[in-house]
Each structure stands twice: as C-alpha cells, then as structure tokens.
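Novice: Got a structure for you, questions after.
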2 protein chains.
Amino acid sequence: MSKVSNLPPSGFRDFLPKEAAERSYLLDTIVRVYRSHGFDTIGVSYLESLTTLTGKGGGQDNEKLIFKILKRGDELKRALESPGTSLADMGLRFDLTLPLARYCSRHREELPKPFKVFQVGPVWRADRPQKGRYREFYQCDLDIVGSKEIGSEVDCIQAIFSVLKECKLTGVELHLNDRRLLSALRGDLEEAQWAEALVILDKLDKISLEGVEKECQEKFGQVPAGLKKVLEGGDLASFEAVEKESFESLSEIIKILSALGIPARFNPSLVRGQDYYTGTIFELRHPDLSGSLGGGGRYNRLLEVFGGGEVPAFGGSIGFERLHLLLSEKGLLPANTSRPDVFFPLFSSELRPALVDLCHKLRAAGLKVDIFPDAAKLKQQFKYADERGIPLTAILGEEEWAKGMLKLKIMQTREEKELKLDPLDSLVAEIKKLI
Amino acid sequence: MSKVSNLPPSGFRDFLPKEAAERSYLLDTIVRVYRSHGFDTIGVSYLESLTTLTGKGGGQDNEKLIFKILKRGDELKRALESPGTSLADMGLRFDLTLPLARYCSRHREELPKPFKVFQVGPVWRADRPQKGRYREFYQCDLDIVGSKEIGSEVDCIQAIFSVLKECKLTGVELHLNDRRLLSALRGDLEEAQWAEALVILDKLDKISLEGVEKECQEKFGQVPAGLKKVLEGGDLASFEAVEKESFESLSEIIKILSALGIPARFNPSLVRGQDYYTGTIFELRHPDLSGSLGGGGRYNRLLEVFGGGEVPAFGGSIGFERLHLLLSEKGLLPANTSRPDVFFPLFSSELRPALVDLCHKLRAAGLKVDIFPDAAKLKQQFKYADERGIPLTAILGEEEWAKGMLKLKIMQTREEKELKLDPLDSLVAEIKKLI
C-alpha cells in the first residue's frame with residue numbers, strides 16, 4: 001500500500017496531549033475571566049464570503065493573507081472558462097474583528113445595546129511559514145460594540161489584565177495612544193504621506209530612532225514636524241495642546257487603570273497596524289517578548305462598511321500563542337490538568353463486566369476514572385499509568401474481588417493502601433482524600 | 001460608501017448569544033464527561049494536505065465534500081499554466097477520524113499505548129446547503145487507538161451514554177452490528193457486488209423493505225441470500241453460525257452495556273457509511289429524530305494508510321448539532337449559563353473611577369459583574385439589564401455613595417434591598433446569597 005504522508009501542512013501544527021491540555025486550560029481561564037467581566041459569547045462561522053473579507057473593512061493589505069476556498073462544480077468550471085473571474089468564493093477569517101463587525105451589523109436588532117462580547121478561536125493567515133509564526137493560531141478578543149465612552153476602554157483592558165493576573169504573569173506594561181492625536185500631528189502633510197510616515201514610525205522598535213530618521217529622510221527629505229514631536233517623546237501633558245479630546249480621554253483612562261494597579265503609560269509613538277482604528281489604541285508589552293502580547297483599539301467606523309451608519313466600538317485581544325509561550329517558559333502552566341484521578345488495570349477479560357460496573361459508579365460519584373481496555377500484560381498496563389502520570393492505581397484482581405477489597409498504589413509516595421469496595425460512599429471518600 | 005453584505009456564506013450560520021451559550025454549555029459538558037472517562041485531548045489543525053484527505057483513508061467518496069484551499073502566489077500561477085495540475089494544496093477536514101489517524105501515525109512514539117483521546121470541534125462538508133444540513137458543524141469524537149479488545153467498545157459507548165445521561169436525554173437506543181458478520185454473509189457474490197448490496201441495505205430506513213427488495217431485483221435480479229438473511233432479522237443467536245468472532249464480541253458488549261442500563265440491541269441491517277470499518281459498528285437512534293444521533297465503529301486498518309503497519313482502533317462520535325436540537329426541543333438546555341450575576345449602571349462619568357474599583361474587587365471575590373460603559377440615560381441602562389436577564393441590579397448613585405450603601409434590585413421578585421458597601425466581605429456574601 002503506498003504510504004500517505006503523516007505530516008500536517010507546512011506552517012500548521014499538531015499538539016501533543018500535554019500541550020493540548022495546557023492550551024485548553026488557558027482558553028478556559030480566559031473565557032472564565034472574560035465572563036466574570038460580563039462579556040457574552042457568540043458563534044460566527046470560520047469562513048466568510050470573499051467580499052466580506054476583502055471589502056472596505058478588510059482592505060487590500062489583508063487580501064494576500066487570506067486562505068481562499070476554491071469554487072466547486074459548475075461554478076468552478078465557469079470561472080476557469082472566463083479569465084479574470086475569481087476562482088474562489090469564500091475565505092478563512094484572518095481575524096475576529098471583521099467577522100464580528102459583519103455579525104453585529106446583521107443582528108443589530110437582536111443584540112443588547114451596547115453589546116459586550118468575547119470570541120476565542122482560530123484565525124488563519126497565509127504568511128510564509130517561519131519559526132514562531134504560524135498559519136493557524138488562536139485569538140482571544142473582547143469587544144464592546146455600541147458604546148462611545150472610555151468605560152469600554154477601561155472594561156476591556158481591565159479584563160485582559162485580569163487574565164494576566166489569573167495566570168500569575170507579571171511585568172506586562174500597557175502602552176496607550178490615540179489615533180486622533182496622531183492625525184492632529186499631520187500638519188501640512190497630505191493624508192497619504194502622513195500614512196506613510198506612520199508606517200515608518202510603526203517600525204520604531206525594529207529599526208530604532210536612527211532607522212526611522214533615515215527612512216524619513218529618504219522619503220520626505222526630512223523628518224516631518226509631527227513625527228519629530230512624537231520622537232522627542234515627553235509626557236501626556238506635553239501633547240495636551242495638540243489634540244484636546246484624546247488628551248482628556250487618555251488622561252482619564254490612565255488614571256482609572258493606574259488606580260487598579262495596571263502599569264498604564266502614554267506612548268506617542270504607538271501606531272498599531274490596522275487601518276480601521278479611530279481613537280484610543282493600546283498594546284501589551286513584556287520585556288521577555290519582542291513584539292506585543294496583545295492590543296487593540298477603538299474602531300468607530302468599521303461597522304459602516306456593512307451599512308446602517310456609524311456604530312462606536314472598542315476591542316482588544318490577547319495574543320494566545322505568545323501568552324502560552326511566555327507562561328510555558330516561566331513554568332506558570334499547571335501540569336496535568338486533564339489527567340484521570342484513578343487508573344484500573346484489567347487483570348482478565350472475565351473480570352471486565354464487574355470492573356466496568358465499578359468504574360461506572362465511581363465516575364457517577366465525580367471521579368475521573370481510567371480503565372485499561374485490554375487484558376494485556378500487567379507490566380504494559382502499569383507503564384501506561386506511569387506515562388500518563390495518573391496519581392492512583394487500583395489493583396483489583398481475582399483475589400481482591402474475592403475479599404471485597406482493592407489495593408490502591410499511590411504514585412507519588414509508592415505507598416499502598418487497602419480499601420473496602422463496600423460501601424461505595426466510603427470508597428469514594430477514601431479515594432478523594434488521596435487525589 | 002458601497003455596502004458589503006452582512007450575511008455569512010450560504011450554508012453557514014451565526015449564533016446569537018443565547019444559542020452560543022447553550023452550545024458552549026453543551027460542549028463543556030461533553031468534554032467534562034469524556035475526561036471523567038480518562039480520555040485525553042490533542043490539538044490537530046483544521047486544515048490538512050489534500051493528499052491526506054484524498055488518500056486511501058479518505059477515499060473518493062469524500063473528495064467532492066472537501067472545501068479546498070486555493071494555491072497561492074507562484075504555485076497558483078504554475079498550476080494555472082499547466083492544465084491538469086491541482087489548483088488546491090490543502091483542504092478543510094471533513095471529519096475528525098482521518099486527521100486523528102494521521103496524527104497517531106506521526107506521533108506513535110510519543111503517545112501512551114493505547115491512546116484514549118477525545119476531539120471536539122468543527123468539520124466542513126461542501127454539501128448543497130439545505131434545511132437542517134450545514135456546511136460547518138461540530139463533531140464530538142472519542143477514540144481508543146492501539147487496543148483490540150471489546151473494552152474499547154464498552155468504554156467509548158459508555159462515555160457517550162454518560163453524556164446523554166448528564167444531559168438528561170432519555171429514549172436513545174443503541175444499535176450494534178459487526179462488519180465481519182456482514183462480510184461473512186457475502187456468500188458467492190463478488191466483493192464489489194456485495195459492497196453495492198450493502199449500500200442498498202444502508203438505505204433500509206429511508207426506502208423501507210420493499211425499496212431494498214426492489215433495488216436488489218433491479219441490480220442483481222434477486223435479493224442476495226446474505227441480504228435475505230439480514231432482512232429476515234432474528235436475534236443475535238440466529239447469527240452465531242454465520243461468524244463466530246463477531247457473535248462472541250457482540251454478545252459480550254451487549255451483556256456488559258445492558259448491565260449498565262444502556263438499551264443495547266443487535267441490528268443485523270446496520271451498515272454505517274464509512275469504508276474503513278473492520279469490526280463492531282454502532283449507531284445511536286432516538287424516536288424523535290430521523291437519522292442517527294451518533295455512531296462509530298472499529299477501524300483496525302485506517303492507520304496503515306500512513307505507514308507503520310496495522311494498529312487496532314475503535315471510535316465513536318456524538319452528532320453535536322442533532323443533540324443540541326433534541327435538547328433544545330425538549331427544554332433540556334439550561335438558560336443563561338453565561339449571564340453576569342450583578343449589573344452596575346453608571347450614574348455619571350464622575351462616578352466611574354470609584355465604580356470601576358468596586359467592580360474590580362467584586363470580580364476578584366468571584367462574582368460575575370457587568371458595568372455599563374457609558375453614562376447613558378438610566379432608562380436605557382435598565383433596559384439593557386432586562387434584555388440580558390441579569391438577576392441583580394445595583395443602584396449606586398451620588399446619594400448611595402455618600403451613605404456608603406447600595407440598593408440591590410432583585411429582578412425576579414422586583415424586591416429592593418439596601419446593603420452596606422463596607423466591609424467588602426459582607427457585601428459579597430449578601431450578593432452571593434441572592435444569586
């Protein structure tokens with residue numbers, strides 16, 4: 001039989017049980033914290049029409065990142081016969097914000113106003129595969145759609161920091177800026193030119209101050225005045241005269257978040273990539289990480305793309321893969337959150353019916369019970385329990401059944417304990433004490 | 001601005017918060033029960049190489065069901081220039097079994113033996129969209145890879161019935177058969193012909209006995225003897241002479257499962273679609289549902305496709321969408337599992353810092369707390385709480401702050417209760433009593 005490759009596609013990953021359990025623990029934690037902040041969940045399909053993904057909200061920049069779905073049947077045939085026709089009709093979502101905007105536009109009459117919503121799930125980007133960059137990765141977004149005040153900024157950012165606190169991750173800094181402030185710094189430059197200047201500024205961390213100045217020289221013959229002001233830095237007060245509204249909202253946000261112990265700071269050189277931001281923008285940074293651990297911003301005009309006028313909205317995201325990496329490096333991920341409590345080897349197939357029945361009762365009493373499916377060699381069965389790190393192994397052969405007892409081997413101490421099978425309540429209580 | 005459609009692609013769905021919360025509750029329940037049976041989780045990407053999906057494991061039948069990913073860049077250009085070259089390189093998985101087989105083949109040295117694994121997630125099929133049939137839907141599989149005895153059958157089926165019990169769904173019947181038995185009934189027919197006969201038999205529920213007989217007449221000039229035997233029915237004992245091994249394993253499985261209260265019955269006309277089954281097959285049926293609620297079987301040869309020889313395996317699945325539908329129709333889904341406990345309207349933006357701080361503390365104490373992001377009209381804020389069904393609303397205006405009190409409105413009884421803000425512990429305890 002010719003062999004089929006057992007590798008996933010290039011840029012895609014398999015997760016072994018240990019890592020899968022860590023990821024699942026982390027996702028559960030994020031969902032629990034987001035819920036504790038009053039955010040609701042929704043369901044949005046993983047695929048969107050290409051027109052949704054490449055419309056004004058998505059933008060041209062994103063188009064080459066989209067994994068497109070080939071048309072099928074007659075539609076494909078027709079597309080192949082008329083050059084210039086798109087061969088694809090759908091695409092995999094490349095973020096969670098654009099599908100949310102479509103969803104909120106469609107369901108606006110059925111959703112609470114404002115709508116506090118979280119989404120946790122995979123997105124796909126057709127980047128060239130490289131180390132640490134994946135084509136399929138998780139995002140953990142939360143958004144407040146239909147609210148214009150800084151309460152949204154505070155609520156979302158606070159929820160994200162609650163997640164970090166719950167994960168015991170310290171050292172994360174919050175950088176804040178405002179797109180209105182950046183716009184006000186444009187001065188005499190044309191909009192397109194200023195946009196180019198901001199693209200250069202966005203690379204500050206990568207190419208350093210000298211790099212930014214050099215690129216500006218090449219492009220504009222000088223560093224634009226607005227950019228100079230940004231690069232000089234200075235505290236928020238020194239930007240008060242530039243744009244009053246953003247000064248006031250940033251001041252208030254920083255005041256409230258600082259009072260909660262969140263290390264919030266104004267960073268005039270923060271740009272963030274997406275076109276659709278209109279106000280506050282933020283980013284999470286950690287000294288052990290190049291690039292950001294998350295971020296987001298206000299996007300008051302994104303929903304317009306789908307009709308129905310302006311709807312103010314703010315949202316942010318935790319970079320799940322990076323958070324997992326950081327927590328893993330720092331040993332902050334609990335081990336074996338999903339392993340069974342007790343393992344029952346199977347001594348012979350004759351004993352199977354009685355053993356299955358006992359395990360059934362123990363599970364109904366709230367224990368996580370693993371039973372070996374085959375009456376294999378005991379050595380193999382014990383090795384299995386060992387590899388899975390199951391804390392208790394219950395020895396229950398002919399002899400033990402006859403005596404109405406089981407022997408419990410405690411993995412950590414190598415101790416053994418005899419327990420009576422009857423009454424079940426006492427057996428369960430004894431086992432629970434040992435987990 | 002030209003408007004982009006706000007609909008999902010045809011055959012795909014959005015879920016409103018209520019339904020999304022139900023689905024999330026149901027998935028959590030399934031995962032919890034599967035874990036209580038000692039099953040581990042893994043991570044497998046949602047996309048696979050086309051060669052994986054269309055290889056011998058996938059089979060030609062499935063190829064037209066695959067949503068294929070268009071090649072990109074130069075590769076696409078090259079494919080378009082050489083007719084006959086595939087335009088796609090990857091595809092969305094159409095089930096969870098084939099990716100699992102690839103995964104287990106790749107990681108065989110790193111996984112416990114046997115490997116008890118569950119998977120819960122979306123799969124995609126390019127079916128024509130129609131009522132009740134979706135192109136993206138969830139499957140909830142569990143498998144035991146590397147075990148040959150009926151302990152696997154018992155463990156998987158038992159776990160599935162534990163889910164149904166946890167959901168309080170009654171009336172589900174378990175139908176069992178064995179592919180070895182069906183093979184032994186082939187008689188003088190050629191394998192290809194017998195396969196066609198089984199395809200006809202598989203339609204029994206849809207086209208009834210007369211339909212099966214009629215199609216057999218048309219195809220074979222008569223009803224093949226083996227099929228006649230199946231259609232006559234009869235209990236398991238009457239099939240003992242046909243194939244000894246399947247008789248013995250089915251007897252034992254039915255004996256053990258019946259003792260657990262699972263209504264297991266032998267059904268000689270059960271076929272199940274997939275080519276890869278080699279032994280026991282099963283299906284869950286419910287009187288209120290046409291078609292099945294789940295099923296699975298033994299597939300001892302599927303892993304061979306990826307090299308490394310025969311690995312015995314058994315697995316099954318709950319049809320998530322159908323289970324959700326049934327539970328919903330029967331009112332068995334709990335309402336509002338994700339709603340916040342307490343809602344805090346915002347009386348004025350001046351009060352925001354103090355309110356945010358209080359909510360922060362209440363969340364840290366374990367409460368799910370929602371705060372309105374804008375200092376909007378109170379009428380709007382109360383309407384919001386009402387729509388979300390939040391059980392408690394905390395009134396905390398200038399006056400209450402001055403008195404160090406809050407007024408708690410209990411939604412269900414329309415009662416009001418005054419509570420002191422200090423000490424926090426007592427406030428938390430009082431609120432928890434009222435949830």
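So you can find residues: chains in the structure tokens are A, B, ... in the order shown, residues in each start at 1, and ligands are numbered from 1 in order.
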May I have the residues within 10 Å of B:Gly261 as a PyMOL selection string, using only C-alpha atoms and disregarding those fewer than 4 positions away in the same chain?
Specialist: chain B and resi 158+161+256-257
Novice: Near A:Leu209, within 10 Å and counting only C-alpha atoms, which residues show up once chain neighbours fewer than 6 positions away are dropped, as a list in words?
Specialist: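 Those residues are Leu201, Lys203 and Leu231 of chain A.
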Novice: Would you please work out which residue, of A:Leu284, A:Ser105, A:Ala21, A:Ala192, is nearest to B:Arg35 when using only C-alpha atoms?
Specialist: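 Residue with the minimum atom-to-atom distance to B:Arg35: A:Ala21.
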Novice: Ranking B:Gly234, B:Pro9, B:Gly307, B:Gly221 by minimum distance to B:Arg108 and counting only C-alpha atoms, which one comes first?
Specialist: B:Gly307
Novice: Counting only C-alpha atoms, what is within 8 Å of A:Ser49, bar same-chain residues fewer than 3 positions away, as a compact mmCIF listing (two decimals) with N, CA and C atoms, in the first residue's frame?
Specialist:
```txt
# COMPACT_ATOMS: atom_id res chain seq x y z
N THR A 52 -16.80 39.83 1.94
CA THR A 52 -16.71 40.32 3.32
C THR A 52 -15.25 40.55 3.71
N LEU A 53 -14.42 39.59 3.38
CA LEU A 53 -13.02 39.66 3.82
C LEU A 53 -12.21 40.71 3.06
N ASP A 89 -14.67 31.58 -3.76
CA ASP A 89 -15.87 32.31 -3.34
C ASP A 89 -15.86 32.65 -1.84
N MET A 90 -15.05 31.93 -1.07
CA MET A 90 -15.00 32.18 0.37
C MET A 90 -13.55 32.23 0.81
N GLY A 91 -13.35 32.57 2.07
CA GLY A 91 -12.01 32.58 2.63
C GLY A 91 -12.07 32.29 4.11
N PRO B 8 -23.52 35.61 6.41
CA PRO B 8 -22.45 34.62 6.29
C PRO B 8 -22.61 33.89 4.96
N PRO B 9 -21.60 33.13 4.53
CA PRO B 9 -21.75 32.41 3.26
C PRO B 9 -22.92 31.42 3.34
```
